[in-house]
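J.: Pasting upload-v7.txt below, which is compact mmCIF, C-alpha atoms and all ligand atoms.
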# COMPACT_ATOMS: atom_id res chain seq x y z
CA MET A 1 0.00 0.00 0.00
CA ILE A 2 1.33 3.39 -0.96
CA ASN A 3 1.86 5.99 1.74
CA LEU A 4 -0.08 9.08 0.75
CA ASN A 5 0.89 11.78 3.24
CA VAL A 6 0.56 14.57 0.76
CA ASN A 7 2.80 17.52 0.79
CA LYS A 8 0.41 20.09 -0.63
CA ASN A 9 3.38 22.08 -1.92
CA SER A 10 4.53 19.16 -3.96
CA ASN A 11 6.23 20.45 -7.03
CA LEU A 12 4.89 19.24 -10.35
CA ASP A 13 8.19 20.34 -11.87
CA TYR A 14 9.80 17.52 -9.92
CA ILE A 15 7.36 15.04 -11.52
CA PHE A 16 7.87 16.42 -15.04
CA ASN A 17 11.60 16.32 -14.45
CA LYS A 18 11.40 12.70 -13.45
CA ILE A 19 9.41 11.91 -16.60
CA SER A 20 11.84 13.81 -18.81
CA GLN A 21 14.63 11.62 -17.41
CA SER A 22 12.55 8.55 -18.35
CA ARG A 23 12.09 7.65 -14.68
CA HIS A 24 8.79 6.06 -13.64
CA ILE A 25 6.52 8.16 -11.49
CA ASP A 26 5.28 6.54 -8.30
CA GLY A 27 1.97 6.47 -6.44
CA TYR A 28 2.75 9.66 -4.58
CA ASP A 29 3.46 11.48 -7.85
CA LEU A 30 0.24 10.10 -9.31
CA PHE A 31 -1.70 11.37 -6.30
CA CYS A 32 -0.17 14.84 -6.69
CA LEU A 33 -1.13 14.90 -10.37
CA LEU A 34 -4.70 13.86 -9.59
CA GLU A 35 -5.00 16.44 -6.80
CA ASP A 36 -3.57 19.28 -8.84
CA GLU A 37 -6.25 21.68 -10.02
CA ASP A 38 -4.04 24.43 -11.33
CA SER A 39 -5.26 25.10 -14.86
CA GLU A 40 -1.74 26.24 -15.83
CA ASN A 41 -0.51 22.71 -15.22
CA PHE A 42 -3.28 21.23 -17.38
CA ASN A 43 -1.53 22.01 -20.65
CA GLU A 44 1.77 20.65 -19.43
CA ILE A 45 0.17 17.38 -18.32
CA ILE A 46 -1.58 17.01 -21.69
CA GLN A 47 1.51 17.89 -23.72
CA THR A 48 3.74 15.55 -21.74
CA ALA A 49 1.27 12.69 -22.22
CA ASP A 50 1.04 13.44 -25.93
CA CYS A 51 4.82 13.47 -26.20
CA ILE A 52 5.18 10.10 -24.42
CA ASN A 53 2.46 8.60 -26.60
CA LYS A 54 4.14 9.82 -29.79
CA SER A 55 7.44 8.33 -28.68
CA ILE A 56 5.70 4.94 -28.31
CA ASN A 57 3.05 4.97 -31.05
CA SER A 58 4.18 7.79 -33.35
CA ASN A 59 1.14 9.42 -34.92
CA LYS A 60 -0.82 6.19 -35.32
CA VAL A 61 -4.23 5.65 -33.76
CA SER A 62 -5.60 2.14 -33.95
CA TYR A 63 -9.18 0.83 -34.01
CA VAL A 64 -10.90 -2.53 -34.30
CA VAL A 65 -13.88 -3.53 -36.43
CA ASN A 66 -15.91 -5.53 -33.96
CA ARG A 67 -19.37 -6.31 -32.73
CA ASN A 68 -20.48 -6.19 -29.12
CA ILE A 69 -23.21 -8.50 -27.88
CA ASN A 70 -24.74 -8.26 -24.40
CA PHE A 71 -26.73 -11.49 -24.28
CA THR A 72 -28.89 -10.87 -21.20
CA ASN A 73 -29.80 -7.96 -18.95
CA ILE A 74 -31.14 -10.24 -16.22
CA CYS A 75 -28.77 -10.04 -13.28
CA TYR A 76 -29.04 -10.89 -9.61
CA LEU A 77 -26.29 -8.51 -8.50
CA ASN A 78 -27.03 -4.94 -7.51
CA CYS A 79 -24.19 -2.64 -8.56
CA LYS A 80 -25.15 0.92 -7.67
CA PHE A 81 -23.63 2.37 -10.84
CA CYS A 82 -25.61 0.08 -13.14
CA GLY A 83 -28.60 1.17 -15.20
CA TYR A 84 -28.58 -1.98 -17.30
CA LYS A 85 -29.65 -4.84 -15.04
CA ARG A 86 -33.23 -6.12 -14.81
CA THR A 87 -34.91 -8.87 -12.84
CA ALA A 88 -36.44 -11.82 -14.68
CA HIS A 89 -39.90 -10.29 -14.12
CA SER A 90 -39.09 -6.86 -15.58
CA LYS A 91 -41.09 -6.06 -18.68
CA ASP A 92 -37.96 -5.12 -20.60
CA SER A 93 -35.73 -7.98 -19.52
CA PHE A 94 -34.24 -10.13 -22.25
CA THR A 95 -32.08 -13.16 -22.82
CA LEU A 96 -30.77 -14.10 -26.25
CA THR A 97 -30.64 -17.71 -27.36
CA ILE A 98 -27.43 -19.05 -28.84
CA ASP A 99 -29.13 -19.10 -32.28
CA LYS A 100 -30.03 -15.42 -31.95
CA ILE A 101 -26.46 -14.57 -30.93
CA ILE A 102 -25.11 -16.43 -33.96
CA GLU A 103 -27.54 -14.50 -36.18
CA LYS A 104 -26.31 -11.20 -34.74
CA ILE A 105 -22.67 -12.17 -35.22
CA ASN A 106 -23.49 -13.06 -38.79
CA GLU A 107 -24.75 -9.51 -39.40
CA GLY A 108 -21.37 -8.26 -38.18
CA TYR A 109 -19.46 -10.85 -40.15
CA LYS A 110 -21.03 -9.55 -43.35
CA ILE A 111 -19.46 -6.14 -42.74
CA GLY A 112 -16.08 -7.68 -41.98
CA ILE A 113 -15.71 -7.73 -38.20
CA ASN A 114 -12.70 -9.57 -36.91
CA GLU A 115 -13.67 -9.59 -33.22
CA ILE A 116 -16.82 -10.48 -31.33
CA CYS A 117 -17.14 -9.26 -27.75
CA VAL A 118 -19.69 -11.18 -25.68
CA THR A 119 -20.74 -10.50 -22.08
CA GLY A 120 -23.93 -10.37 -20.09
CA GLY A 121 -25.59 -9.83 -16.74
CA ILE A 122 -25.22 -12.54 -14.11
CA ASN A 123 -28.43 -14.40 -14.86
CA PRO A 124 -29.12 -16.88 -12.02
CA ASP A 125 -31.05 -19.19 -14.34
CA PHE A 126 -28.15 -19.80 -16.68
CA ASN A 127 -26.72 -23.25 -16.80
CA PRO A 128 -22.91 -23.35 -17.18
CA ASP A 129 -23.43 -25.25 -20.43
CA PHE A 130 -24.89 -22.08 -21.93
CA TYR A 131 -21.49 -20.36 -21.62
CA PHE A 132 -19.48 -23.36 -22.83
CA ASN A 133 -21.85 -24.09 -25.73
CA LEU A 134 -22.04 -20.45 -26.74
CA ILE A 135 -18.28 -20.29 -27.31
CA LYS A 136 -18.33 -23.67 -29.06
CA SER A 137 -21.13 -22.57 -31.42
CA ILE A 138 -19.45 -19.26 -32.25
CA ARG A 139 -16.24 -21.06 -33.05
CA ALA A 140 -18.02 -23.68 -35.17
CA ASN A 141 -19.81 -20.99 -37.18
CA PHE A 142 -16.95 -18.50 -37.44
CA PRO A 143 -13.61 -20.32 -37.39
CA GLU A 144 -11.60 -17.15 -38.06
CA LEU A 145 -13.27 -14.77 -35.63
CA HIS A 146 -11.47 -13.60 -32.50
CA ILE A 147 -13.73 -14.41 -29.52
CA HIS A 148 -13.34 -11.91 -26.69
CA ALA A 149 -15.76 -13.02 -23.98
CA PHE A 150 -16.81 -13.16 -20.32
CA SER A 151 -15.64 -10.87 -17.56
CA PRO A 152 -13.88 -12.16 -14.42
CA GLN A 153 -17.28 -11.97 -12.68
CA GLU A 154 -18.74 -14.42 -15.22
CA ILE A 155 -15.73 -16.72 -14.85
CA PHE A 156 -16.25 -16.65 -11.07
CA GLU A 157 -19.93 -17.60 -11.48
CA LEU A 158 -19.00 -20.43 -13.84
CA SER A 159 -16.45 -21.71 -11.36
CA CYS A 160 -19.02 -21.61 -8.52
CA LYS A 161 -21.72 -23.36 -10.54
CA THR A 162 -19.49 -26.13 -11.88
CA GLY A 163 -17.20 -26.55 -8.89
CA PHE A 164 -14.27 -26.27 -11.34
CA SER A 165 -11.16 -24.22 -10.60
CA TYR A 166 -10.62 -21.05 -12.63
CA GLU A 167 -7.92 -22.93 -14.56
CA LYS A 168 -10.36 -25.69 -15.47
CA VAL A 169 -13.03 -23.17 -16.55
CA PHE A 170 -10.51 -21.37 -18.77
CA GLU A 171 -9.21 -24.65 -20.10
CA ILE A 172 -12.70 -25.65 -21.31
CA LEU A 173 -13.46 -22.20 -22.71
CA LYS A 174 -10.13 -22.10 -24.50
CA LYS A 175 -10.65 -25.57 -25.93
CA ASN A 176 -14.07 -24.44 -27.17
CA GLY A 177 -12.61 -21.40 -28.92
CA LEU A 178 -12.17 -18.50 -26.48
CA ASN A 179 -9.27 -16.19 -27.42
CA SER A 180 -9.25 -13.35 -24.89
CA MET A 181 -11.42 -11.68 -22.26
CA PRO A 182 -12.58 -8.21 -21.25
CA GLY A 183 -11.04 -6.94 -18.01
CA THR A 184 -14.36 -5.50 -16.96
CA ALA A 185 -15.96 -5.93 -13.51
CA ALA A 186 -12.82 -4.24 -12.14
CA GLU A 187 -14.76 -1.01 -11.50
CA ILE A 188 -12.63 0.30 -8.65
CA LEU A 189 -10.41 -2.24 -6.91
CA SER A 190 -9.87 -0.32 -3.70
CA PRO A 191 -11.75 -2.60 -1.23
CA GLU A 192 -13.85 -0.13 0.81
CA THR A 193 -15.13 1.89 -2.14
CA ARG A 194 -15.68 -1.30 -4.13
CA LYS A 195 -17.88 -2.61 -1.30
CA GLU A 196 -19.79 0.66 -1.34
CA ILE A 197 -20.63 0.66 -5.05
CA CYS A 198 -20.86 -3.05 -5.86
CA LYS A 199 -21.00 -5.08 -2.68
CA ASP A 200 -22.23 -8.25 -4.48
CA LYS A 201 -19.39 -8.34 -6.96
CA ILE A 202 -16.30 -10.48 -6.49
CA PRO A 203 -13.82 -8.84 -4.11
CA ALA A 204 -10.78 -7.20 -5.67
CA GLY A 205 -8.55 -10.13 -4.65
CA LYS A 206 -10.67 -12.58 -6.65
CA TRP A 207 -10.69 -10.25 -9.68
CA VAL A 208 -6.90 -10.16 -9.55
CA GLU A 209 -6.64 -13.93 -9.09
CA ILE A 210 -8.90 -14.64 -12.10
CA ILE A 211 -7.11 -12.13 -14.33
CA LYS A 212 -3.70 -13.51 -13.39
CA THR A 213 -4.92 -17.06 -14.02
CA ALA A 214 -6.14 -16.02 -17.48
CA HIS A 215 -2.84 -14.33 -18.30
CA LYS A 216 -0.90 -17.36 -17.07
CA MET A 217 -2.93 -19.48 -19.51
CA ASP A 218 -2.11 -17.09 -22.33
CA ILE A 219 -5.57 -15.55 -22.39
CA LYS A 220 -4.93 -11.83 -22.74
CA SER A 221 -7.34 -9.25 -21.35
CA SER A 222 -7.98 -5.56 -21.25
CA ALA A 223 -7.70 -3.58 -18.00
CA THR A 224 -10.37 -1.07 -16.95
CA ILE A 225 -11.33 1.49 -14.34
CA LEU A 226 -14.72 3.09 -13.66
CA PHE A 227 -14.09 6.66 -12.56
CA GLY A 228 -16.03 9.80 -11.73
CA HIS A 229 -18.37 8.34 -9.08
CA ILE A 230 -17.63 8.28 -5.33
CA GLU A 231 -14.02 7.17 -5.58
CA SER A 232 -11.26 9.25 -3.99
CA ASN A 233 -7.92 9.98 -5.57
CA THR A 234 -6.43 7.52 -3.08
CA ASP A 235 -8.73 4.83 -4.54
CA ILE A 236 -7.53 5.68 -8.05
CA VAL A 237 -3.90 5.41 -6.96
CA TYR A 238 -4.63 2.05 -5.33
CA HIS A 239 -6.35 0.78 -8.48
CA LEU A 240 -3.76 1.93 -11.00
CA ASP A 241 -0.89 0.78 -8.81
CA LEU A 242 -2.41 -2.70 -8.66
CA ILE A 243 -3.01 -2.80 -12.42
CA ARG A 244 0.54 -1.64 -13.14
CA LYS A 245 1.95 -4.32 -10.82
CA ILE A 246 -0.11 -7.06 -12.51
CA GLN A 247 1.13 -5.88 -15.90
CA ASP A 248 4.74 -5.99 -14.63
CA GLU A 249 4.15 -9.54 -13.48
CA THR A 250 2.18 -11.01 -16.40
CA ASN A 251 2.35 -8.60 -19.35
CA GLY A 252 -1.12 -9.98 -20.10
CA PHE A 253 -3.06 -6.73 -20.53
CA THR A 254 -3.48 -5.61 -24.12
CA GLU A 255 -4.72 -2.13 -23.28
CA PHE A 256 -6.07 0.12 -20.56
CA ILE A 257 -9.60 1.52 -20.89
CA ALA A 258 -10.84 4.27 -18.56
CA LEU A 259 -14.62 4.34 -18.36
CA PRO A 260 -16.19 7.54 -17.03
CA PHE A 261 -19.29 6.89 -14.93
CA ILE A 262 -22.56 7.52 -16.81
CA SER A 263 -24.97 8.28 -14.04
CA HIS A 264 -28.38 9.40 -15.30
CA LYS A 265 -30.33 6.21 -14.72
CA THR A 266 -28.43 4.76 -11.77
CA SER A 267 -28.87 4.93 -8.01
CA LEU A 268 -25.48 6.66 -7.66
CA LYS A 269 -26.53 9.57 -9.85
CA HIS A 270 -26.64 12.10 -7.02
CA GLN A 271 -23.06 11.37 -6.01
CA VAL A 272 -21.52 11.80 -9.43
CA LYS A 273 -18.22 13.68 -9.63
CA ILE A 274 -17.86 13.97 -13.37
CA ASP A 275 -20.47 15.27 -15.76
CA ILE A 276 -19.60 14.21 -19.29
CA ASN A 277 -21.02 17.44 -20.70
CA THR A 278 -19.36 19.94 -18.38
CA ASP A 279 -16.20 18.25 -17.11
CA ARG A 280 -14.49 17.66 -20.40
CA GLN A 281 -11.18 19.04 -19.17
CA LYS A 282 -11.21 16.70 -16.15
CA ILE A 283 -11.76 13.69 -18.40
CA LEU A 284 -8.94 14.69 -20.76
CA LYS A 285 -6.62 15.27 -17.81
CA PHE A 286 -7.49 11.85 -16.44
CA TYR A 287 -6.63 10.20 -19.77
CA ALA A 288 -3.35 12.09 -19.90
CA ILE A 289 -2.40 11.06 -16.37
CA LEU A 290 -2.97 7.43 -17.33
CA ARG A 291 -0.32 7.80 -20.04
CA LEU A 292 2.09 9.35 -17.51
CA TYR A 293 1.59 6.60 -14.92
CA LEU A 294 1.03 3.42 -16.92
CA HIS A 295 4.53 3.18 -18.37
CA ASN A 296 4.11 -0.53 -19.04
CA PHE A 297 1.02 -0.09 -21.24
CA LYS A 298 1.60 0.55 -24.93
CA ASN A 299 -2.10 1.02 -25.59
CA ILE A 300 -4.54 3.34 -23.86
CA GLN A 301 -8.04 3.44 -25.30
CA THR A 302 -10.59 6.24 -25.36
CA SER A 303 -14.27 5.43 -24.91
CA TRP A 304 -16.47 7.09 -27.56
CA PRO A 305 -19.75 5.49 -26.37
CA LYS A 306 -19.24 7.12 -22.96
CA ILE A 307 -17.77 10.50 -23.86
CA GLY A 308 -18.97 11.02 -27.44
CA ALA A 309 -17.04 11.13 -30.69
CA GLU A 310 -16.03 14.79 -30.37
CA LEU A 311 -14.35 14.44 -26.98
CA ALA A 312 -12.89 11.09 -28.03
CA VAL A 313 -11.18 12.90 -30.93
CA GLN A 314 -9.79 15.50 -28.51
CA SER A 315 -8.49 12.73 -26.26
CA LEU A 316 -6.19 11.62 -29.09
CA ALA A 317 -4.01 14.62 -28.27
CA CYS A 318 -3.82 13.59 -24.61
CA GLY A 319 -1.84 10.36 -24.69
CA ILE A 320 -4.53 8.11 -26.18
CA ASN A 321 -3.54 5.85 -29.09
CA ASP A 322 -6.60 3.66 -29.58
CA PHE A 323 -10.14 4.57 -30.62
CA GLY A 324 -11.75 1.26 -29.62
CA GLY A 325 -14.24 -0.54 -31.81
CA THR A 326 -17.22 -0.10 -34.09
CA LEU A 327 -19.26 -2.08 -31.50
CA MET A 328 -22.56 -2.12 -33.43
CA GLU A 329 -24.46 -2.56 -30.17
CA GLU A 330 -23.43 -1.26 -26.78
CA SER A 331 -26.52 -1.39 -24.62
CA ILE A 332 -24.90 -1.06 -21.18
CA THR A 333 -23.90 2.60 -21.56
CA LYS A 334 -27.21 3.43 -23.25
CA SER A 335 -29.17 1.87 -20.37
CA ALA A 336 -27.33 4.08 -17.86
CA GLY A 337 -28.40 7.18 -19.80
CA GLY A 338 -25.53 7.52 -22.27
CA ASN A 339 -26.65 9.15 -25.50
CA PHE A 340 -23.64 8.95 -27.79
CA GLY A 341 -24.93 6.01 -29.82
CA GLU A 342 -24.03 2.38 -30.12
CA TYR A 343 -22.34 2.18 -33.49
CA LEU A 344 -19.69 3.96 -35.52
CA SER A 345 -18.87 2.57 -38.92
CA GLU A 346 -15.26 1.92 -39.88
CA SER A 347 -15.32 4.91 -42.21
CA ASP A 348 -16.72 7.12 -39.39
CA ILE A 349 -13.85 6.08 -37.15
CA VAL A 350 -11.26 6.58 -39.87
CA SER A 351 -12.57 10.11 -40.56
CA LEU A 352 -12.64 10.98 -36.87
CA ILE A 353 -9.05 9.82 -36.37
CA LYS A 354 -7.91 11.76 -39.43
CA SER A 355 -9.72 14.87 -38.16
CA ALA A 356 -7.35 14.76 -35.14
CA GLY A 357 -4.36 14.81 -37.54
CA LYS A 358 -3.56 11.17 -36.77
CA ILE A 359 -3.01 8.12 -38.94
CA PRO A 360 -5.77 5.53 -38.59
CA VAL A 361 -4.60 1.92 -38.41
CA ARG A 362 -6.94 -1.03 -38.28
CA ARG A 363 -5.87 -3.68 -35.75
CA ASP A 364 -6.98 -7.01 -34.36
CA THR A 365 -7.85 -7.61 -30.70
CA LEU A 366 -4.22 -8.30 -29.79
CA TYR A 367 -3.05 -5.07 -31.46
CA ASN A 368 -1.49 -6.60 -34.53
CA TYR A 369 -1.95 -4.08 -37.31
CA ILE A 370 -4.03 -5.34 -40.22
S1 LIG B 401 -22.88 -4.00 -13.58
FE1 LIG B 401 -23.15 -6.08 -14.40
S2 LIG B 401 -23.02 -7.35 -12.57
FE2 LIG B 401 -23.47 -5.30 -11.83
S3 LIG B 401 -25.70 -5.19 -11.69
FE3 LIG B 401 -25.13 -4.42 -13.71
S4 LIG B 401 -25.31 -6.19 -15.04
FE4 LIG B 401 -25.21 -6.95 -12.96
Mind turning this structure into structure tokens?

T.:
Amino acid sequence: MINLNVNKNSNLDYIFNKISQSRHIDGYDLFCLLEDEDSENFNEIIQTADCINKSINSNKVSYVVNRNINFTNICYLNCKFCGYKRTAHSKDSFTLTIDKIIEKINEGYKIGINEICVTGGINPDFNPDFYFNLIKSIRANFPELHIHAFSPQEIFELSCKTGFSYEKVFEILKKNGLNSMPGTAAEILSPETRKEICKDKIPAGKWVEIIKTAHKMDIKSSATILFGHIESNTDIVYHLDLIRKIQDETNGFTEFIALPFISHKTSLKHQVKIDINTDRQKILKFYAILRLYLHNFKNIQTSWPKIGAELAVQSLACGINDFGGTLMEESITKSAGGNFGEYLSESDIVSLIKSAGKIPVRRDTLYNYI
């Protein structure tokens, strides 16, 4: 645990100096950057992040042509930041059959997707075979497609229902065709705040254990943070420090994705710290700080469904080198009140990246350029 006795007079020059000497900043430096509200420092933080990003990724900004499928919104957990979950009796609850999922993937396949991302609520009625057969059917129908599926929370549920270890669950999924997994359900890994916003979710320790198991079995994942709710800067330091340590140990994260909290239709809406429409500078600064701190991540992704295409374009000058995917369907953000749409075509993304003066590069899930 990092000691955060803050010296309020901490000198950002010292931090920038450290960075200019290619030294890694530590948790205390990160805390100072997060606490700093001097607008004069804003530009320096952004420019430094941009400079680091260019030294790693030159002027290239990558994107993936993918389809997202959320196969059920029935969930027995009660995360306070969630506007997506429904009970089985809700009028607007849904569960897709495997056939329906295959049909939806086929729509994406026709426009040339090379990744399918599949996750869902934690539906208590699901039999573990649903998960195993889903991956098997996708693989049988689309031998070439990269299957990116199931969060650590879903892996935990599968392990509980089958009695299998995480290794065994991954072994079966991998045999059936799984390629990689989303590092969602991380939310905020600092234990107290995690308990406050999602007390039913797996504790941070289990999330870490499942992610490390996946990486050990050569199943890569993304890494995420949910920010802008009730978390403190100390929580953010805790979270990013943990993620950076895991990456040092496994090198299994493909990218880092920061997800600003979309509050409108959630029970946490009155405690929101970031308003997407008015706190644009705070969001850009947060992205830039990620680039300064996460020295062992080549790829940091913006989130256009959460912040909108316009701000996502601006973020490309703040240390961000990946625009994410076409998605086609991203119902989780929409259910929480997000109104930036669920689909951008490949040509939309290419134009947006070019409008930022960057070079668009199509990639696969593992960041090989296509
Ligand atoms: S965030 Fe996911 S796990 Fe939590 S309530 Fe919503 S659907 Fe369920």

J.: Can I get the residues close to ligand LIG 401 (chain B) as number ranges by chain, where close means within 7 Å and we count all atoms listed in the file?

T.: A: 73, 75-79, 81-85, 120-122, 198, 201

J.: How many Å separate atom CA of A:Asn11 from atom CA of A:Val272?

T.: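 Going from atom CA of A:Asn11 over to atom CA of A:Val272, I get 29.2 Å.
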
J.: So that I can check the surroundings of A:Tyr369, please list as an NGL selection string every protein, DNA and RNA residue that reaches within 10 Å of it, counting all atoms listed in the file and ignoring chain neighbours fewer than 3 positions away.

T.: :A and (62-64 or 361-366)

J.: Might you pull out every residue within 10 Å of A:Ile283, with all atoms listed in the file counted and same-chain residues fewer than 6 positions away left off, and present them as number ranges by chain?

T.: A: 227-228, 258-260, 274-276, 289, 307, 311, 315

J.: To one decimal place in Å, what is the distance between atom CA of A:Pro305 and atom CA of A:Glu329?

T.: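 Between these atoms lies a distance of 10.1 Å.
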
J.: Could you work out how far atom CA of A:Asp99 lies from atom CA of A:Met328, giving the answer in Å with one decimal?

T.: 18.2 Å

J.: I'd like the contact shell of stretch 144-158 of chain A - 7 Å cut-off, all atoms listed in the file, skipping same-chain residues fewer than 3 positions apart - returned as a list in words.

T.: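 In the requested form, the answer reads Asn114, Glu115, Ile116, Cys117, Val118, Thr119, Ile122, Pro128, Lys161, Thr162, Leu178, Asn179, Ser180, Met181, Pro182, Gly183, Thr184, Ala185, Ile202, Trp207, Ile210 and Ile211 of chain A.
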
J.: Since we have the selection now, will you write its residues out, keeping C-alpha atoms, as a PDB file, keeping the file's coordinate frame?

T.:
ATOM      1  CA  ASN A 114     -12.700  -9.570 -36.910  1.00  0.00           C
ATOM      2  CA  GLU A 115     -13.670  -9.590 -33.220  1.00  0.00           C
ATOM      3  CA  ILE A 116     -16.820 -10.480 -31.330  1.00  0.00           C
ATOM      4  CA  CYS A 117     -17.140  -9.260 -27.750  1.00  0.00           C
ATOM      5  CA  VAL A 118     -19.690 -11.180 -25.680  1.00  0.00           C
ATOM      6  CA  THR A 119     -20.740 -10.500 -22.080  1.00  0.00           C
ATOM      7  CA  ILE A 122     -25.220 -12.540 -14.110  1.00  0.00           C
ATOM      8  CA  PRO A 128     -22.910 -23.350 -17.180  1.00  0.00           C
ATOM      9  CA  LYS A 161     -21.720 -23.360 -10.540  1.00  0.00           C
ATOM     10  CA  THR A 162     -19.490 -26.130 -11.880  1.00  0.00           C
ATOM     11  CA  LEU A 178     -12.170 -18.500 -26.480  1.00  0.00           C
ATOM     12  CA  ASN A 179      -9.270 -16.190 -27.420  1.00  0.00           C
ATOM     13  CA  SER A 180      -9.250 -13.350 -24.890  1.00  0.00           C
ATOM     14  CA  MET A 181     -11.420 -11.680 -22.260  1.00  0.00           C
ATOM     15  CA  PRO A 182     -12.580  -8.210 -21.250  1.00  0.00           C
ATOM     16  CA  GLY A 183     -11.040  -6.940 -18.010  1.00  0.00           C
ATOM     17  CA  THR A 184     -14.360  -5.500 -16.960  1.00  0.00           C
ATOM     18  CA  ALA A 185     -15.960  -5.930 -13.510  1.00  0.00           C
ATOM     19  CA  ILE A 202     -16.300 -10.480  -6.490  1.00  0.00           C
ATOM     20  CA  TRP A 207     -10.690 -10.250  -9.680  1.00  0.00           C
ATOM     21  CA  ILE A 210      -8.900 -14.640 -12.100  1.00  0.00           C
ATOM     22  CA  ILE A 211      -7.110 -12.130 -14.330  1.00  0.00           C
TER      23      ILE A 211
END

J.: Counting only C-alpha atoms, which residue out of A:Ile113, A:Ile188, A:Ile230, A:Cys32 sits closest to A:Glu346?

T.: A:Ile113

J.: Which of these, A:Leu290, A:Ile74, A:Ile262, A:Leu316, has the shortest distance to A:Asn277 once you count all atoms listed in the file?

T.: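 That would be A:Ile262, the residue with the smallest distance to A:Asn277.
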
J.: Using only C-alpha atoms, which of the listed residues (A:Leu284, A:Val61, A:Ile353, A:Ile19) sits closest to A:Ile46?

T.: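 Among the listed residues, the smallest separation from A:Ile46 belongs to A:Leu284.
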
J.: With the input short on atoms, add N, CA and C atoms back to stretch 137-148 of chain A and write it as a short mmCIF file (atom, residue, chain, number, x, y, z; two decimals), in the coordinates of the input.

T.:
data_model
loop_
_atom_site.label_atom_id
_atom_site.label_comp_id
_atom_site.auth_asym_id
_atom_site.auth_seq_id
_atom_site.Cartn_x
_atom_site.Cartn_y
_atom_site.Cartn_z
N SER A 137 -20.32 -22.86 -30.22
CA SER A 137 -21.13 -22.57 -31.42
C SER A 137 -20.53 -21.42 -32.22
N ILE A 138 -20.06 -20.38 -31.51
CA ILE A 138 -19.45 -19.26 -32.25
C ILE A 138 -18.26 -19.77 -33.04
N ARG A 139 -17.44 -20.56 -32.36
CA ARG A 139 -16.24 -21.06 -33.05
C ARG A 139 -16.60 -21.94 -34.24
N ALA A 140 -17.63 -22.79 -34.07
CA ALA A 140 -18.02 -23.68 -35.17
C ALA A 140 -18.52 -22.88 -36.37
N ASN A 141 -19.24 -21.79 -36.09
CA ASN A 141 -19.81 -20.99 -37.18
C ASN A 141 -18.83 -19.99 -37.78
N PHE A 142 -17.87 -19.54 -36.97
CA PHE A 142 -16.95 -18.50 -37.44
C PHE A 142 -15.51 -18.88 -37.05
N PRO A 143 -14.94 -19.80 -37.79
CA PRO A 143 -13.61 -20.32 -37.39
C PRO A 143 -12.53 -19.26 -37.28
N GLU A 144 -12.67 -18.16 -38.04
CA GLU A 144 -11.60 -17.15 -38.06
C GLU A 144 -11.77 -16.02 -37.03
N LEU A 145 -12.95 -15.93 -36.46
CA LEU A 145 -13.27 -14.77 -35.63
C LEU A 145 -12.55 -14.82 -34.28
N HIS A 146 -12.07 -13.66 -33.83
CA HIS A 146 -11.47 -13.60 -32.50
C HIS A 146 -12.60 -13.49 -31.47
N ILE A 147 -12.65 -14.43 -30.54
CA ILE A 147 -13.73 -14.41 -29.52
C ILE A 147 -13.19 -13.82 -28.22
N HIS A 148 -13.74 -12.67 -27.88
CA HIS A 148 -13.34 -11.91 -26.69
C HIS A 148 -14.56 -11.98 -25.77
#
